[in-house]
Amino acid sequence: MPLNYFLVKNELSDKPGSHRAITRSAGTIDQSRLIDLIMEHNSSITRGDITSLFTIMNEIVARELLNGYSLNLPLVNTSFSIKGQFFGSLATYEKGKQKAKIKITKGVLLRKIEENLKPEITDLERSKKIKEVKDSFSDTIDSILTVGDDVEIKGLQLKLAGDDPACGVWFIGANGIETPAARIIDNKPSRILARIPSLTPGKYRVKVVTQFSGGGEFLKTPRVFLYEKQLTV
């Protein structure tokens, strides 16, 4: 699978036509998913065995790092550094004045993978949208909104960001009146969890407005995601 990326205007460059790439991960693999993949690769190993091995490995790695050892593994290498100034050739470390840090660099395997990555441009703009709205109380999708409970909005590049007053989660009634979410509980590019405000019974559409660009800078003009489906309060 290629490494997908899309291009946005490079606001930090004065060169005409300058753009920068923003990559799009195919997904995230946490420890639980990694265990699933190991079991798919070798079905003779139990989930409990793998979980125990991860627990032991994490404990040993943490212990040996605390003992001052560096890691030299195929995935990552570690080293140590101390940030801050010392005054005098025999000055001792003081927490708060100096800070000991663990530095992580790519191991030989990650460097090899990096050399073999195959970036491929994608028209991500077309796929940026709200894909699903789930009512937490009723556990229904694209159907009901329960006042005072939470709604889970899934999609792509939805994360709320920016200082434009239009940014936020909105509920638009049939009369066109827009009511903001009572509270934002979780805010990620692929998922927003918001508290449904006091709404009168009727049909509503969900709208997300954000200046999130996927990079470190905000969009100058907020992007609007208006869900195509109507939901009932």
# chains A, B, ... in the order shown; residues from 1 in each chain; ligands from 1
call {"tool": "select_by_dssp", "arguments": {"residues": "range 8-197 of chain A", "states": "alpha helix (DSSP H)", "output": "PyMOL selection string"}}
result
chain A and resi 31-41+47-66+108-115
call {"tool": "residues_around", "arguments": {"residues": "range 199-211 of chain A", "least_positions_apart": "2", "cutoff": "10 Å", "atoms": "only C-alpha atoms", "output": "number ranges by chain"}}
result
A: 129-130, 133, 143-148, 151, 153, 157-181, 192, 196-197, 213-214, 217-233
call {"tool": "residues_around", "arguments": {"residues": "Arg111 in chain A", "least_positions_apart": "2", "cutoff": "12 Å", "atoms": "only C-alpha atoms", "output": "list in words"}}
result
Leu73, Pro74, Leu75, Val76, Asn77, Thr105, Lys106, Gly107, Val108, Leu109, Ile113, Glu114, Glu115, Asn116 and Leu117 of chain A
call {"tool": "closest_atom_pairs", "arguments": {"of": "range 96-210 of chain A", "to": "range 1-8 of chain A", "cutoff": "6 Å", "atoms": "only C-alpha atoms", "output": "CSV"}}
result
residue,atom,partner,partner_atom,distance
A:Lys118,CA,A:Pro2,CA,5.1
A:Pro119,CA,A:Leu3,CA,4.4
A:Glu120,CA,A:Asn4,CA,5.0
A:Ile121,CA,A:Tyr5,CA,5.0
A:Thr122,CA,A:Phe6,CA,5.6
call {"tool": "select_by_dssp", "arguments": {"residues": "range 14-148 of chain A", "states": "strand (DSSP E)", "output": "MDAnalysis selection string"}}
result
chainID A and resid 19:24 76:83 99:106 119:121 130:135 140:141
call {"tool": "write_last_selection", "arguments": {"atoms": "C-alpha atoms", "output": "compact mmCIF listing (two decimals), in the first residue's frame"}}
result
# COMPACT_ATOMS: atom_id res chain seq x y z
CA HIS A 19 3.15 23.69 -1.86
CA ARG A 20 3.92 21.27 0.95
CA ALA A 21 2.88 17.66 1.39
CA ILE A 22 0.64 16.41 4.19
CA THR A 23 0.66 12.66 4.59
CA ARG A 24 -2.37 10.53 5.34
CA VAL A 76 14.49 2.14 17.39
CA ASN A 77 17.69 3.23 19.06
CA THR A 78 17.84 5.38 22.18
CA SER A 79 20.41 7.65 23.77
CA PHE A 80 20.40 10.12 26.64
CA SER A 81 20.89 13.85 26.94
CA ILE A 82 20.60 16.47 29.67
CA LYS A 83 19.03 19.81 28.88
CA LYS A 99 16.18 17.84 32.59
CA ALA A 100 17.37 14.37 31.61
CA LYS A 101 15.85 13.22 28.33
CA ILE A 102 15.64 10.04 26.28
CA LYS A 103 16.34 10.58 22.59
CA ILE A 104 14.84 8.17 20.07
CA THR A 105 16.25 7.59 16.58
CA LYS A 106 15.33 5.20 13.81
CA PRO A 119 4.40 8.14 -1.67
CA GLU A 120 1.37 8.57 -3.90
CA ILE A 121 -0.66 11.74 -4.29
CA ILE A 130 -18.86 13.45 7.67
CA LYS A 131 -19.38 9.74 7.12
CA GLU A 132 -21.49 8.76 10.12
CA VAL A 133 -23.39 10.27 13.06
CA LYS A 134 -24.13 8.02 16.02
CA ASP A 135 -26.40 8.82 18.96
CA THR A 140 -28.36 4.28 16.59
CA ILE A 141 -26.59 5.58 13.49
call {"tool": "residues_around", "arguments": {"residues": "Gln85 in chain A", "least_positions_apart": "4", "cutoff": "12 Å", "atoms": "only C-alpha atoms", "output": "list of chain:residue names"}}
result
A:Ser89, A:Ala91, A:Thr92, A:Tyr93, A:Glu94, A:Lys95, A:Gly96, A:Lys97, A:Gln98, A:Lys99, A:Ala100
call {"tool": "atom_distance", "arguments": {"atom1": "CA of Thr28 in chain A", "atom2": "CA of His41 in chain A"}}
result
18.5 Å
call {"tool": "closest_residue", "arguments": {"among": "A:Leu193, A:Glu59, A:Arg33, A:Ser136", "to": "Arg47 in chain A", "atoms": "only C-alpha atoms"}}
result
A:Arg33
call {"tool": "atom_distance", "arguments": {"atom1": "CA of Tyr69 in chain A", "atom2": "CA of Met57 in chain A"}}
result
14.6 Å
call {"tool": "atom_distance", "arguments": {"atom1": "CA of Arg191 in chain A", "atom2": "CA of Leu156 in chain A"}}
result
8.0 Å
call {"tool": "decode", "arguments": {"residues": "range 10-141 of chain A", "atoms": "C-alpha atoms", "output": "PDB file, in the first residue's frame"}}
result
ATOM      1  CA  ASN A  10       2.985  26.642   1.543  1.00  0.00           C
ATOM      2  CA  GLU A  11       2.131  29.838   3.399  1.00  0.00           C
ATOM      3  CA  LEU A  12       5.720  30.144   4.700  1.00  0.00           C
ATOM      4  CA  SER A  13       7.254  30.376   1.238  1.00  0.00           C
ATOM      5  CA  ASP A  14       7.253  33.413  -1.037  1.00  0.00           C
ATOM      6  CA  LYS A  15       8.012  31.280  -4.101  1.00  0.00           C
ATOM      7  CA  PRO A  16       5.075  31.212  -6.563  1.00  0.00           C
ATOM      8  CA  GLY A  17       3.267  27.882  -6.626  1.00  0.00           C
ATOM      9  CA  SER A  18       5.073  26.488  -3.584  1.00  0.00           C
ATOM     10  CA  HIS A  19       3.151  23.693  -1.860  1.00  0.00           C
ATOM     11  CA  ARG A  20       3.921  21.272   0.952  1.00  0.00           C
ATOM     12  CA  ALA A  21       2.879  17.657   1.389  1.00  0.00           C
ATOM     13  CA  ILE A  22       0.642  16.409   4.192  1.00  0.00           C
ATOM     14  CA  THR A  23       0.658  12.657   4.590  1.00  0.00           C
ATOM     15  CA  ARG A  24      -2.371  10.534   5.336  1.00  0.00           C
ATOM     16  CA  SER A  25      -1.813   7.458   7.486  1.00  0.00           C
ATOM     17  CA  ALA A  26      -3.654   4.296   6.486  1.00  0.00           C
ATOM     18  CA  GLY A  27      -4.648   3.940  10.142  1.00  0.00           C
ATOM     19  CA  THR A  28      -3.212   3.393  13.590  1.00  0.00           C
ATOM     20  CA  ILE A  29      -2.016   0.100  15.033  1.00  0.00           C
ATOM     21  CA  ASP A  30      -2.090   0.001  18.827  1.00  0.00           C
ATOM     22  CA  GLN A  31      -0.865  -2.862  21.001  1.00  0.00           C
ATOM     23  CA  SER A  32      -4.207  -4.679  20.845  1.00  0.00           C
ATOM     24  CA  ARG A  33      -4.239  -4.559  17.033  1.00  0.00           C
ATOM     25  CA  LEU A  34      -0.599  -5.607  16.919  1.00  0.00           C
ATOM     26  CA  ILE A  35      -1.465  -8.676  18.994  1.00  0.00           C
ATOM     27  CA  ASP A  36      -4.263  -9.480  16.516  1.00  0.00           C
ATOM     28  CA  LEU A  37      -1.802  -9.310  13.623  1.00  0.00           C
ATOM     29  CA  ILE A  38       0.708 -11.544  15.404  1.00  0.00           C
ATOM     30  CA  MET A  39      -2.026 -14.121  16.010  1.00  0.00           C
ATOM     31  CA  GLU A  40      -2.995 -13.978  12.330  1.00  0.00           C
ATOM     32  CA  HIS A  41       0.631 -14.612  11.452  1.00  0.00           C
ATOM     33  CA  ASN A  42       1.011 -17.471  13.944  1.00  0.00           C
ATOM     34  CA  SER A  43      -2.241 -18.959  15.219  1.00  0.00           C
ATOM     35  CA  SER A  44      -0.432 -21.322  17.597  1.00  0.00           C
ATOM     36  CA  ILE A  45       0.373 -18.429  19.960  1.00  0.00           C
ATOM     37  CA  THR A  46      -2.386 -17.406  22.356  1.00  0.00           C
ATOM     38  CA  ARG A  47      -3.427 -13.833  22.974  1.00  0.00           C
ATOM     39  CA  GLY A  48      -2.562 -14.257  26.650  1.00  0.00           C
ATOM     40  CA  ASP A  49       0.975 -15.366  25.792  1.00  0.00           C
ATOM     41  CA  ILE A  50       1.557 -12.378  23.529  1.00  0.00           C
ATOM     42  CA  THR A  51       0.049  -9.937  26.048  1.00  0.00           C
ATOM     43  CA  SER A  52       2.297 -11.324  28.797  1.00  0.00           C
ATOM     44  CA  LEU A  53       5.326 -11.037  26.529  1.00  0.00           C
ATOM     45  CA  PHE A  54       4.544  -7.400  25.748  1.00  0.00           C
ATOM     46  CA  THR A  55       4.077  -6.651  29.454  1.00  0.00           C
ATOM     47  CA  ILE A  56       7.401  -8.274  30.347  1.00  0.00           C
ATOM     48  CA  MET A  57       9.207  -6.564  27.466  1.00  0.00           C
ATOM     49  CA  ASN A  58       7.844  -3.129  28.409  1.00  0.00           C
ATOM     50  CA  GLU A  59       8.790  -3.611  32.055  1.00  0.00           C
ATOM     51  CA  ILE A  60      12.331  -4.756  31.190  1.00  0.00           C
ATOM     52  CA  VAL A  61      12.888  -1.935  28.693  1.00  0.00           C
ATOM     53  CA  ALA A  62      11.684   0.654  31.235  1.00  0.00           C
ATOM     54  CA  ARG A  63      13.879  -0.848  33.962  1.00  0.00           C
ATOM     55  CA  GLU A  64      17.020  -0.942  31.855  1.00  0.00           C
ATOM     56  CA  LEU A  65      16.502   2.602  30.588  1.00  0.00           C
ATOM     57  CA  LEU A  66      16.252   3.723  34.219  1.00  0.00           C
ATOM     58  CA  ASN A  67      19.501   1.828  34.833  1.00  0.00           C
ATOM     59  CA  GLY A  68      21.167   3.967  32.167  1.00  0.00           C
ATOM     60  CA  TYR A  69      21.284   1.485  29.300  1.00  0.00           C
ATOM     61  CA  SER A  70      20.593   2.535  25.716  1.00  0.00           C
ATOM     62  CA  LEU A  71      18.530   0.460  23.303  1.00  0.00           C
ATOM     63  CA  ASN A  72      19.870  -0.768  19.993  1.00  0.00           C
ATOM     64  CA  LEU A  73      16.937  -2.509  18.316  1.00  0.00           C
ATOM     65  CA  PRO A  74      15.877  -3.010  14.682  1.00  0.00           C
ATOM     66  CA  LEU A  75      13.020  -0.518  15.096  1.00  0.00           C
ATOM     67  CA  VAL A  76      14.489   2.135  17.395  1.00  0.00           C
ATOM     68  CA  ASN A  77      17.691   3.232  19.059  1.00  0.00           C
ATOM     69  CA  THR A  78      17.844   5.377  22.179  1.00  0.00           C
ATOM     70  CA  SER A  79      20.411   7.647  23.768  1.00  0.00           C
ATOM     71  CA  PHE A  80      20.398  10.121  26.639  1.00  0.00           C
ATOM     72  CA  SER A  81      20.893  13.851  26.936  1.00  0.00           C
ATOM     73  CA  ILE A  82      20.598  16.466  29.667  1.00  0.00           C
ATOM     74  CA  LYS A  83      19.030  19.812  28.879  1.00  0.00           C
ATOM     75  CA  GLY A  84      20.043  22.878  30.863  1.00  0.00           C
ATOM     76  CA  GLN A  85      23.168  24.646  32.076  1.00  0.00           C
ATOM     77  CA  PHE A  86      25.597  23.605  34.816  1.00  0.00           C
ATOM     78  CA  PHE A  87      27.707  26.188  36.592  1.00  0.00           C
ATOM     79  CA  GLY A  88      31.049  24.873  37.752  1.00  0.00           C
ATOM     80  CA  SER A  89      32.918  21.738  36.714  1.00  0.00           C
ATOM     81  CA  LEU A  90      31.549  19.691  39.650  1.00  0.00           C
ATOM     82  CA  ALA A  91      27.946  20.945  39.563  1.00  0.00           C
ATOM     83  CA  THR A  92      25.387  18.206  40.197  1.00  0.00           C
ATOM     84  CA  TYR A  93      22.128  17.531  38.425  1.00  0.00           C
ATOM     85  CA  GLU A  94      19.093  19.275  39.942  1.00  0.00           C
ATOM     86  CA  LYS A  95      15.640  18.320  38.774  1.00  0.00           C
ATOM     87  CA  GLY A  96      13.844  21.476  37.729  1.00  0.00           C
ATOM     88  CA  LYS A  97      17.040  23.262  36.713  1.00  0.00           C
ATOM     89  CA  GLN A  98      18.160  20.562  34.293  1.00  0.00           C
ATOM     90  CA  LYS A  99      16.182  17.838  32.588  1.00  0.00           C
ATOM     91  CA  ALA A 100      17.373  14.369  31.611  1.00  0.00           C
ATOM     92  CA  LYS A 101      15.846  13.225  28.325  1.00  0.00           C
ATOM     93  CA  ILE A 102      15.642  10.043  26.285  1.00  0.00           C
ATOM     94  CA  LYS A 103      16.337  10.581  22.593  1.00  0.00           C
ATOM     95  CA  ILE A 104      14.843   8.167  20.072  1.00  0.00           C
ATOM     96  CA  THR A 105      16.251   7.591  16.584  1.00  0.00           C
ATOM     97  CA  LYS A 106      15.332   5.202  13.808  1.00  0.00           C
ATOM     98  CA  GLY A 107      16.786   1.704  13.947  1.00  0.00           C
ATOM     99  CA  VAL A 108      18.129  -0.132  10.914  1.00  0.00           C
ATOM    100  CA  LEU A 109      14.735  -1.667  10.091  1.00  0.00           C
ATOM    101  CA  LEU A 110      12.905   1.679  10.156  1.00  0.00           C
ATOM    102  CA  ARG A 111      15.619   3.235   7.993  1.00  0.00           C
ATOM    103  CA  LYS A 112      15.196   0.436   5.466  1.00  0.00           C
ATOM    104  CA  ILE A 113      11.402   0.880   5.451  1.00  0.00           C
ATOM    105  CA  GLU A 114      11.833   4.631   5.040  1.00  0.00           C
ATOM    106  CA  GLU A 115      13.963   4.082   1.930  1.00  0.00           C
ATOM    107  CA  ASN A 116      11.261   1.870   0.413  1.00  0.00           C
ATOM    108  CA  LEU A 117       8.216   4.068   1.092  1.00  0.00           C
ATOM    109  CA  LYS A 118       6.221   4.814  -2.051  1.00  0.00           C
ATOM    110  CA  PRO A 119       4.398   8.145  -1.669  1.00  0.00           C
ATOM    111  CA  GLU A 120       1.365   8.567  -3.900  1.00  0.00           C
ATOM    112  CA  ILE A 121      -0.662  11.740  -4.292  1.00  0.00           C
ATOM    113  CA  THR A 122      -4.369  11.480  -3.581  1.00  0.00           C
ATOM    114  CA  ASP A 123      -7.283  13.851  -4.001  1.00  0.00           C
ATOM    115  CA  LEU A 124      -8.062  13.914  -0.305  1.00  0.00           C
ATOM    116  CA  GLU A 125     -10.369  16.913  -0.641  1.00  0.00           C
ATOM    117  CA  ARG A 126     -13.070  14.751  -2.220  1.00  0.00           C
ATOM    118  CA  SER A 127     -13.069  12.301   0.677  1.00  0.00           C
ATOM    119  CA  LYS A 128     -13.179  14.925   3.416  1.00  0.00           C
ATOM    120  CA  LYS A 129     -16.652  14.639   4.821  1.00  0.00           C
ATOM    121  CA  ILE A 130     -18.855  13.447   7.672  1.00  0.00           C
ATOM    122  CA  LYS A 131     -19.385   9.741   7.121  1.00  0.00           C
ATOM    123  CA  GLU A 132     -21.495   8.756  10.121  1.00  0.00           C
ATOM    124  CA  VAL A 133     -23.387  10.272  13.059  1.00  0.00           C
ATOM    125  CA  LYS A 134     -24.127   8.025  16.023  1.00  0.00           C
ATOM    126  CA  ASP A 135     -26.398   8.823  18.959  1.00  0.00           C
ATOM    127  CA  SER A 136     -24.725   7.444  22.104  1.00  0.00           C
ATOM    128  CA  PHE A 137     -27.900   7.077  24.179  1.00  0.00           C
ATOM    129  CA  SER A 138     -29.957   5.134  21.635  1.00  0.00           C
ATOM    130  CA  ASP A 139     -26.892   3.524  20.020  1.00  0.00           C
ATOM    131  CA  THR A 140     -28.365   4.282  16.588  1.00  0.00           C
ATOM    132  CA  ILE A 141     -26.591   5.578  13.487  1.00  0.00           C
TER     133      ILE A 141
END
